[in-house]
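A short write-up of the structure that comes next.
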Amino acid sequence: MMTPDDIADRLEALRAAAPLVHCVTNYVAMQVTANALLAIGASPAMVHAVEEVAEFATLAGATTLNIGTLSGPWLTGMLLSAAAARAAGRPWVFDPVAAGATSFRREASARLLAERPTIIRGNASEVLALAGLSGRAKGVDAGDAVEVAAAAARGLAAAGAVVAVTGPIDLVTDGARVARIANGHALMPRVTALGCALTGVVGAFAAIERDAFAATAAALTVYAVAGEMAGEVARGPGSFAVAFLDALASIGRAEIRARARLEIS
Amino acid sequence: MMTPDDIADRLEALRAAAPLVHCVTNYVAMQVTANALLAIGASPAMVHAVEEVAEFATLAGATTLNIGTLSGPWLTGMLLSAAAARAAGRPWVFDPVAAGATSFRREASARLLAERPTIIRGNASEVLALAGLSGRAKGVDAGDAVEVAAAAARGLAAAGAVVAVTGPIDLVTDGARVARIANGHALMPRVTALGCALTGVVGAFAAIERDAFAATAAALTVYAVAGEMAGEVARGPGSFAVAFLDALASIGRAEIRARARLEIS
Amino acid sequence: MMTPDDIADRLEALRAAAPLVHCVTNYVAMQVTANALLAIGASPAMVHAVEEVAEFATLAGATTLNIGTLSGPWLTGMLLSAAAARAAGRPWVFDPVAAGATSFRREASARLLAERPTIIRGNASEVLALAGLSGRAKGVDAGDAVEVAAAAARGLAAAGAVVAVTGPIDLVTDGARVARIANGHALMPRVTALGCALTGVVGAFAAIERDAFAATAAALTVYAVAGEMAGEVARGPGSFAVAFLDALASIGRAEIRARARLEIS
């Protein structure tokens with residue numbers, strides 16, 4: 001069981017701890033990821049160079065790795081980060097952007113999977129690609145329904161990661177438990193990198209909650225409820241992005257109690 | 001002839017197709033370019049690594065290349081993208097940011113021109129620099145009036161590209177036809193990378209309209225009319241950027257009919 | 001002495017000159033830095049490649065170097081920029097993001113310091129790290145009170161730079177004079193890269209005012225007053241970021257006279 005108050009407890013713990021979250025993410029997502037982490041109450045840091053990335057990963061409460069604008073040197077940095085986080089017993093979150101789109105991404109994803117992410121957060125196409133199934137990869141959009149990817153997610157989770165598949169209804173599974181979250185707003189996919197920024201927020205919750213399934217479900221619920229709040233005042237994707245950061249900063253127990261639509265089976 | 005309804009038809013076709021637009025652009029412009037493409041209804045993807053960029057260019061409906069924060073490896077990726085797009089018969093758009101400012105940019109621009117862009121989109125200084133004339137290069141601002149660059153644009157167009165020169169009045173030419181668009185707003189150059197993001201939007205129209213002149217004129221008109229709409233509610237450059245994305249999402253046939261000031265000669 | 005009218009005079013001079021400011025900054029900060037510079041009336045340019053960065057630094061009125069998302073090639077570009085700016089007699093501003101966090105950053109910072117920055121702008125932890133003292137480095141947040149860093153700042157300033165330590169109360173010193181600025185807003189550290197963007201704005205003032213102490217104090221005062229103005233209309237960090245850019249564009253003599261809380265001792 002996971003009640004709205006359980007989620008609010010974790011949000012309050014996050015704000016009290018203000019964990020340092022180390023993000024190696026794509027150029028498009030960096031600013032919004034940092035702003036989402038600051039808004040929710042965490043402390044972001046973007047460091048990627050091979051000279052320091054492993055040293056930095058051990059300073060952080062969690063590490064998040066996103067292959068959006070991947071290149072060779074960045075992949076090297078990500079592999080060093082993942083290994084350092086794992087060696088230090090810290091969670092790391094993998095965001096396999098467009099994992100199935102090119103052979104470079106398929107190989108990079110396989111190498112990162114071999115570093116055993118604590119949590120994987122992607123859309124349905126990406127999770128299907130990771131699971132070796134045939135997602136229709138079209139850029140970074142979700143071309144498959146989340147539910148279609150549920151079986152793939154459970155397969156991936158069996159290898160030891162909590163898997164989150166985001167879409168109109170989000171799904172989180174550790175192979176045994178499955179959470180479904182029915183919040184969110186239609187404008188969220190119309191703002192770039194909100195999925196990538198969510199990966200950062202998942203890292204922030206993982207830094208303060210050792211149960212990676214609970215951390216991920218809490219992160220996705222808070223994020224989707226904030227999206228719902230933002231959608232009520234937005235006039236389009238531009239004002240949505242602004243209102244969403246405001247909502248991440250203002251969301252609290254009352255909003256989570258009133259709005260969260262989380263089911264665990 | 002190109003009527004407001006012709007432009008609206010293309011905007012509706014774009015939204016129906018949601019074309020994948022592959023952007024190799026500068027770090028400053030990536031987020032706003034992706035958001036502009038999402039707002040107008042296209043699907044952006046930012047990929048630049050030599051390991052995958054050519055493979056990716058063939059997946060996309062159009063490719064756009066922008067040299068704003070150029071470096072050696074990125075130039076290599078751009079050259080591969082341009083060649084792959086051309087080989088696949090897909091349009092590619094060249095954005096020669098500050099083309100005349102340094103010898104590195106002049107050489108890079110010459111190499112990219114040799115890959116025969118379908119469309120070139122720059123400010124007057126940049127188009128003059130491309131044409132080998134003496135633009136006063138001061139950063140990325142437009143130091144020359146658009147009209148001064150018209151002759152240069154026609155010269156460039158004679159080599160086979162549609163050329164768009166943006167400024168207070170935008171100009172598009174394929175060497176024979178010339179379109180002038182008198183929409184837009186004074187705050188547009190006060191928000192960084194709106195010109196770069198326009199290049200992405202030109203790519204989106206080029207992905208769904210084979211007549212590159214018509215695609216470019218439609219893109220610039222829609223963009224400038226959205227700027228006008230945003231200017232009516234903005235209180236400065238910060239709120240303008242927000243309102244502009246809202247306007248790109250909400251603009252439709254009615255706004256284009258009521259506002260477009262496009263002349264073709 | 002430095003009166004509010006002295007500050008307003010420099011802001012007006014900046015807007016009249018629209019100086020080109022060359023920024024080699026981190027990926028997170030690029031967009032907001034460019035937008036802050038455009039909003040206040042300067043002309044930003046982001047160029048970093050070794051092939052052109054020195055050539056570009058001599059075109060600009062000032063150069064600003066920020067090590068936020070540092071890597072080897074970027075450090076090379078920064079060192080070339082600093083040397084070129086110095087050789088051309090142009091000011092350059094150093095932003096030592098998370099300078100004490102890793103050995104890579106400590107070494108990079110030492111090498112950049114050896115290029116003799118005109119101005120250093122950091123938070124208390126960073127200035128302490130630069131001074132070889134024991135700042136508690138936690139990501140890029142300020143872990144030390146500004147006042148604790150005042151002695152370190154004076155020590156650094158003795159080596160020839162003007163040093164600015166930003167926090168709830170900002171401090172500027174050239175070793176002899178000390179300015180304290182008590183404006184600003186609690187939401188400023190909740191928006192990513194506003195400190196980095198301030199470094200760009202310091203560069204803009206340094207480009208038009210040869211007294212680096214006066215330029216820095218003016219820049220920090222204008223920026224903090226704009227923060228105060230934005231805070232009055234913001235509903236959270238998202239709307240703050242928007243209102244802040246609007247305020248940087250609209251702030252003038254009246255707001256500076258009414259609000260500036262600058263003391264020089």
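Each chain in the structure tokens gets a letter, A, B, ..., in the order shown, and its residues are numbered from 1; ligands are numbered from 1 in order too.
Excluding A:Thr63 itself and any same-chain residue fewer than 4 positions from it, the protein and nucleic acid residues within 9 Å of it, counting only C-alpha atoms, are Leu20, Val21, His22, Cys23, Val24, Ala57, Thr58, Ser81, Ala82, Ala85, Arg90, Pro91, Trp92, Val93, Phe94, Gly200, Gly203, Ala204 and Ala207 of chain A.
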Take the residues just selected and output them with C-alpha atoms as a CSV table (one decimal), in the first residue's frame.
```
chain,number,residue,atom,x,y,z
A,20,LEU,CA,22.4,16.7,-4.1
A,21,VAL,CA,21.3,15.1,-7.4
A,22,HIS,CA,24.1,14.5,-10.0
A,23,CYS,CA,22.7,14.7,-13.5
A,24,VAL,CA,24.4,13.8,-16.7
A,57,ALA,CA,28.9,10.8,-8.4
A,58,THR,CA,30.1,9.8,-4.9
A,81,SER,CA,29.3,7.7,-13.1
A,82,ALA,CA,27.2,4.6,-13.0
A,85,ALA,CA,27.4,5.4,-7.9
A,90,ARG,CA,24.1,5.2,-4.2
A,91,PRO,CA,21.1,4.8,-6.5
A,92,TRP,CA,21.3,5.7,-10.2
A,93,VAL,CA,18.5,6.3,-12.6
A,94,PHE,CA,18.7,5.6,-16.4
A,200,GLY,CA,16.0,14.1,-12.2
A,203,GLY,CA,16.7,10.7,-8.5
A,204,ALA,CA,15.9,13.2,-5.8
A,207,ALA,CA,18.2,9.8,-2.7
```
Open item on the list: With only C-alpha atoms as the counted atoms, please give the residues lying no more than 6 Å from stretch 249-262 of chain A, apart from itself and same-chain residues fewer than 5 positions off, as a VMD selection string.
Closed with: chain A and resid 4 8 39 to 40 180 to 182
Give me a file of those residues, with all heavy atoms, as a PDB file, in the first residue's frame.
```
ATOM      1  N   PRO A   4      -1.711   8.582  -0.254  1.00  0.00           N
ATOM      2  CA  PRO A   4      -1.285   9.964  -0.512  1.00  0.00           C
ATOM      3  C   PRO A   4      -0.415  10.525   0.610  1.00  0.00           C
ATOM      4  O   PRO A   4       0.544  11.248   0.347  1.00  0.00           O
ATOM      5  CB  PRO A   4      -2.620  10.713  -0.634  1.00  0.00           C
ATOM      6  CG  PRO A   4      -3.557   9.678  -1.188  1.00  0.00           C
ATOM      7  CD  PRO A   4      -3.152   8.385  -0.526  1.00  0.00           C
ATOM      8  N   ALA A   8       3.248  12.250   0.455  1.00  0.00           N
ATOM      9  CA  ALA A   8       3.534  13.571   1.040  1.00  0.00           C
ATOM     10  C   ALA A   8       4.666  13.479   2.052  1.00  0.00           C
ATOM     11  O   ALA A   8       5.502  14.389   2.149  1.00  0.00           O
ATOM     12  CB  ALA A   8       2.268  14.136   1.681  1.00  0.00           C
ATOM     13  N   ALA A  39      12.955  23.611  -7.877  1.00  0.00           N
ATOM     14  CA  ALA A  39      11.575  23.934  -7.512  1.00  0.00           C
ATOM     15  C   ALA A  39      11.041  22.956  -6.471  1.00  0.00           C
ATOM     16  O   ALA A  39      10.383  23.350  -5.509  1.00  0.00           O
ATOM     17  CB  ALA A  39      10.684  23.919  -8.753  1.00  0.00           C
ATOM     18  N   ILE A  40      11.361  21.701  -6.629  1.00  0.00           N
ATOM     19  CA  ILE A  40      10.802  20.710  -5.706  1.00  0.00           C
ATOM     20  C   ILE A  40      11.569  20.670  -4.394  1.00  0.00           C
ATOM     21  O   ILE A  40      11.074  20.124  -3.397  1.00  0.00           O
ATOM     22  CB  ILE A  40      10.723  19.324  -6.377  1.00  0.00           C
ATOM     23  CG1 ILE A  40       9.600  18.519  -5.715  1.00  0.00           C
ATOM     24  CG2 ILE A  40      12.054  18.580  -6.328  1.00  0.00           C
ATOM     25  CD1 ILE A  40       9.128  17.352  -6.521  1.00  0.00           C
ATOM     26  N   ARG A 180       0.011   2.315 -10.825  1.00  0.00           N
ATOM     27  CA  ARG A 180      -0.483   3.090 -11.970  1.00  0.00           C
ATOM     28  C   ARG A 180      -0.935   4.450 -11.468  1.00  0.00           C
ATOM     29  O   ARG A 180      -1.638   4.541 -10.459  1.00  0.00           O
ATOM     30  CB  ARG A 180      -1.644   2.374 -12.652  1.00  0.00           C
ATOM     31  CG  ARG A 180      -1.208   1.208 -13.530  1.00  0.00           C
ATOM     32  CD  ARG A 180      -2.381   0.584 -14.268  1.00  0.00           C
ATOM     33  NE  ARG A 180      -1.920  -0.433 -15.204  1.00  0.00           N
ATOM     34  CZ  ARG A 180      -1.567  -1.673 -14.856  1.00  0.00           C
ATOM     35  NH1 ARG A 180      -1.619  -2.059 -13.586  1.00  0.00           N
ATOM     36  NH2 ARG A 180      -1.140  -2.526 -15.781  1.00  0.00           N
ATOM     37  N   ILE A 181      -0.533   5.496 -12.176  1.00  0.00           N
ATOM     38  CA  ILE A 181      -0.806   6.873 -11.755  1.00  0.00           C
ATOM     39  C   ILE A 181      -1.555   7.567 -12.876  1.00  0.00           C
ATOM     40  O   ILE A 181      -1.061   7.658 -14.001  1.00  0.00           O
ATOM     41  CB  ILE A 181       0.507   7.618 -11.434  1.00  0.00           C
ATOM     42  CG1 ILE A 181       1.236   6.900 -10.289  1.00  0.00           C
ATOM     43  CG2 ILE A 181       0.247   9.068 -11.080  1.00  0.00           C
ATOM     44  CD1 ILE A 181       2.733   6.932 -10.395  1.00  0.00           C
ATOM     45  N   ALA A 182      -2.759   8.038 -12.543  1.00  0.00           N
ATOM     46  CA  ALA A 182      -3.653   8.567 -13.580  1.00  0.00           C
ATOM     47  C   ALA A 182      -3.772  10.083 -13.521  1.00  0.00           C
ATOM     48  O   ALA A 182      -4.766  10.644 -13.951  1.00  0.00           O
ATOM     49  CB  ALA A 182      -5.026   7.909 -13.452  1.00  0.00           C
TER      50      ALA A 182
END
```
Open item on the list: Give me, as a list of chain:residue names, all polymer residues having an atom no more than 10 Å from stretch 72-75 of chain B, counting only C-alpha atoms and skipping those fewer than 6 positions away in the same chain.
Closed with: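 Non-adjacent residues within range: A:Ser71, B:Val24, B:Thr25, B:Asn26, B:His48, B:Ala49, B:Val50, B:Leu65, B:Asn66, B:Ser81, B:Phe104, B:Ala108, B:Ser109, B:Arg111, B:Leu112, C:Ala49, C:Val50, C:Glu51.
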Please, which residues of chain C lie no more than 7 Å from chain B when the count uses only C-alpha atoms, and can they be set out as a short mmCIF file (atom, residue, chain, number, x, y, z; two decimals) with N, CA and C atoms, in the first residue's frame?
```cif
data_model
loop_
_atom_site.label_atom_id
_atom_site.label_comp_id
_atom_site.auth_asym_id
_atom_site.auth_seq_id
_atom_site.Cartn_x
_atom_site.Cartn_y
_atom_site.Cartn_z
N LEU C 20 29.07 44.03 -26.88
CA LEU C 20 29.15 42.59 -27.17
C LEU C 20 29.87 41.91 -26.01
N TYR C 27 26.40 24.71 -19.97
CA TYR C 27 25.23 24.38 -20.78
C TYR C 27 23.92 24.76 -20.09
N MET C 30 23.48 28.84 -20.40
CA MET C 30 23.64 29.59 -21.65
C MET C 30 22.41 30.39 -22.03
N GLN C 31 21.26 29.73 -21.98
CA GLN C 31 20.06 30.41 -22.45
C GLN C 31 19.69 31.59 -21.54
N ALA C 34 22.17 34.49 -21.95
CA ALA C 34 21.90 35.25 -23.18
C ALA C 34 20.65 36.11 -23.00
N ASN C 35 19.62 35.53 -22.40
CA ASN C 35 18.39 36.30 -22.23
C ASN C 35 18.56 37.45 -21.23
N LEU C 38 20.44 40.18 -23.16
CA LEU C 38 19.53 40.86 -24.10
C LEU C 38 18.54 41.74 -23.36
N ALA C 39 18.02 41.24 -22.24
CA ALA C 39 17.01 42.00 -21.50
C ALA C 39 17.59 43.31 -20.99
N ALA C 45 27.23 36.75 -26.95
CA ALA C 45 27.69 35.78 -27.94
C ALA C 45 28.34 34.63 -27.20
N MET C 46 27.96 33.42 -27.55
CA MET C 46 28.48 32.22 -26.92
C MET C 46 29.36 31.49 -27.94
N VAL C 47 30.66 31.51 -27.69
CA VAL C 47 31.63 30.89 -28.60
C VAL C 47 32.67 30.23 -27.72
N HIS C 48 33.03 28.97 -28.04
CA HIS C 48 33.95 28.28 -27.14
C HIS C 48 35.05 27.49 -27.84
N ALA C 49 34.93 27.27 -29.16
CA ALA C 49 35.85 26.33 -29.82
C ALA C 49 37.26 26.90 -29.89
N GLU C 51 39.26 26.74 -32.11
CA GLU C 51 39.55 27.29 -33.43
C GLU C 51 39.27 28.79 -33.53
N GLU C 52 38.42 29.32 -32.67
CA GLU C 52 37.98 30.70 -32.88
C GLU C 52 37.86 31.52 -31.61
N GLU C 55 40.14 34.60 -31.22
CA GLU C 55 39.77 35.62 -32.21
C GLU C 55 38.50 36.34 -31.77
N PHE C 56 37.57 35.58 -31.22
CA PHE C 56 36.30 36.17 -30.83
C PHE C 56 36.45 37.07 -29.60
N VAL C 242 10.50 34.42 -15.30
CA VAL C 242 9.89 35.23 -16.36
C VAL C 242 9.86 36.70 -15.97
N ALA C 243 9.38 36.96 -14.76
CA ALA C 243 9.26 38.35 -14.30
C ALA C 243 10.63 39.00 -14.15
N LEU C 245 13.32 38.55 -16.08
CA LEU C 245 13.76 39.06 -17.38
C LEU C 245 12.99 40.33 -17.75
N ASP C 246 11.70 40.32 -17.47
CA ASP C 246 10.92 41.54 -17.71
C ASP C 246 11.48 42.71 -16.90
N ALA C 249 14.66 44.25 -18.21
CA ALA C 249 14.42 45.12 -19.37
C ALA C 249 13.77 46.44 -18.98
#
```
TODO: Select from stretch 102-182 of chain C everything DSSP, run on the backbone, classes as strand (DSSP E), then give the selection as a list of chain:residue names.
DONE: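 Going through stretch 102-182 of chain C, the strand (DSSP E) residues come out as C:Ile119, C:Ile120, C:Arg121, C:Gly122, C:Val162, C:Val163, C:Ala164, C:Val165, C:Asp170, C:Leu171, C:Val172, C:Thr173, C:Val178, C:Ala179, C:Arg180, C:Ile181.
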TODO: Can you list, as JSON, numbers by chain, all residues belonging to stretch 72-200 of chain A that DSSP tags as alpha helix (DSSP H)?
DONE: {"A": [72, 73, 74, 75, 76, 77, 78, 79, 80, 81, 82, 83, 84, 85, 86, 87, 103, 104, 105, 106, 107, 108, 109, 110, 111, 112, 113, 124, 125, 126, 127, 128, 129, 130, 150, 151, 152, 153, 154, 155, 156, 157, 158, 194, 195, 196, 197, 198, 199, 200]}
TODO: Please measure the separation of atom CA of B:Ala129 and atom CA of B:Gly100, giving the value in Å to one decimal.
DONE: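 Atom CA of B:Ala129 sits 5.0 Å away from atom CA of B:Gly100.
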Task: Given only C-alpha atoms as the counted atoms, nearest of B:Cys196, B:Ile264, B:Ala179, B:Ile208 to B:Thr33 - done: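 Ranked by minimum distance to B:Thr33, first place goes to B:Cys196.
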- [ ] Grab the atom CA of B:Arg154 to atom CA of B:Thr173 distance for me, in Å with one decimal place.
- [x]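 Distance reported for this atom pair: 6.4 Å.
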TODO: Excluding B:Leu220 and any residue of its chain fewer than 4 positions from it, enumerate the residues within 12 Å of it, using only C-alpha atoms, and give them as number ranges by chain.
DONE: B: 7, 11, 121-122, 163-172, 179-184, 194-195, 197-206, 213-216, 224-227, 248, 256, 260-262
Selection to disk with C-alpha atoms, as a PDB file, in the first residue's frame:
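The file below, selection-v6.pdb, is the result:
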```
ATOM      1  CA  ILE B   7      -0.452  29.354 -45.414  1.00  0.00           C
ATOM      2  CA  LEU B  11       0.031  24.809 -41.026  1.00  0.00           C
ATOM      3  CA  ARG B 121      17.788  31.244 -43.011  1.00  0.00           C
ATOM      4  CA  GLY B 122      19.827  34.046 -41.479  1.00  0.00           C
ATOM      5  CA  VAL B 163      17.115  32.140 -48.979  1.00  0.00           C
ATOM      6  CA  ALA B 164      15.287  33.764 -46.066  1.00  0.00           C
ATOM      7  CA  VAL B 165      16.583  36.992 -44.534  1.00  0.00           C
ATOM      8  CA  THR B 166      14.803  37.808 -41.303  1.00  0.00           C
ATOM      9  CA  GLY B 167      14.526  41.219 -39.706  1.00  0.00           C
ATOM     10  CA  PRO B 168      11.854  43.867 -39.155  1.00  0.00           C
ATOM     11  CA  ILE B 169      10.560  42.856 -42.590  1.00  0.00           C
ATOM     12  CA  ASP B 170      11.380  39.301 -43.594  1.00  0.00           C
ATOM     13  CA  LEU B 171      12.400  38.441 -47.131  1.00  0.00           C
ATOM     14  CA  VAL B 172      12.262  35.058 -48.884  1.00  0.00           C
ATOM     15  CA  ALA B 179       8.158  37.276 -50.607  1.00  0.00           C
ATOM     16  CA  ARG B 180       8.129  40.050 -48.007  1.00  0.00           C
ATOM     17  CA  ILE B 181       6.480  39.548 -44.621  1.00  0.00           C
ATOM     18  CA  ALA B 182       5.712  42.602 -42.522  1.00  0.00           C
ATOM     19  CA  ASN B 183       4.540  40.925 -39.332  1.00  0.00           C
ATOM     20  CA  GLY B 184       6.558  40.334 -36.157  1.00  0.00           C
ATOM     21  CA  LEU B 194      14.128  32.950 -31.646  1.00  0.00           C
ATOM     22  CA  GLY B 195      15.831  33.155 -35.037  1.00  0.00           C
ATOM     23  CA  ALA B 197      14.115  28.307 -33.407  1.00  0.00           C
ATOM     24  CA  LEU B 198      12.548  29.703 -36.565  1.00  0.00           C
ATOM     25  CA  THR B 199      15.053  27.685 -38.547  1.00  0.00           C
ATOM     26  CA  GLY B 200      13.625  24.585 -36.882  1.00  0.00           C
ATOM     27  CA  VAL B 201      10.100  25.668 -37.778  1.00  0.00           C
ATOM     28  CA  VAL B 202      11.169  26.251 -41.397  1.00  0.00           C
ATOM     29  CA  GLY B 203      12.385  22.645 -41.354  1.00  0.00           C
ATOM     30  CA  ALA B 204       8.983  21.480 -40.138  1.00  0.00           C
ATOM     31  CA  PHE B 205       7.201  23.221 -43.013  1.00  0.00           C
ATOM     32  CA  ALA B 206       9.780  21.956 -45.501  1.00  0.00           C
ATOM     33  CA  PHE B 213       9.845  28.743 -51.300  1.00  0.00           C
ATOM     34  CA  ALA B 214       6.235  28.192 -50.259  1.00  0.00           C
ATOM     35  CA  ALA B 215       7.302  26.255 -47.159  1.00  0.00           C
ATOM     36  CA  THR B 216       9.669  28.986 -46.050  1.00  0.00           C
ATOM     37  CA  ALA B 224       5.862  36.435 -37.327  1.00  0.00           C
ATOM     38  CA  VAL B 225       2.100  36.490 -36.791  1.00  0.00           C
ATOM     39  CA  ALA B 226       2.590  34.470 -33.591  1.00  0.00           C
ATOM     40  CA  GLY B 227       5.139  37.078 -32.536  1.00  0.00           C
ATOM     41  CA  LEU B 248       2.607  29.110 -31.796  1.00  0.00           C
ATOM     42  CA  ILE B 256      -3.477  34.112 -40.212  1.00  0.00           C
ATOM     43  CA  ALA B 260      -0.785  38.073 -42.291  1.00  0.00           C
ATOM     44  CA  ARG B 261       0.961  40.822 -44.240  1.00  0.00           C
ATOM     45  CA  LEU B 262       2.680  38.844 -46.963  1.00  0.00           C
TER      46      LEU B 262
END
```
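Our summary of the geometry notes that atom CA of B:Glu209 is positioned 19.5 Å from atom CA of B:Glu263.
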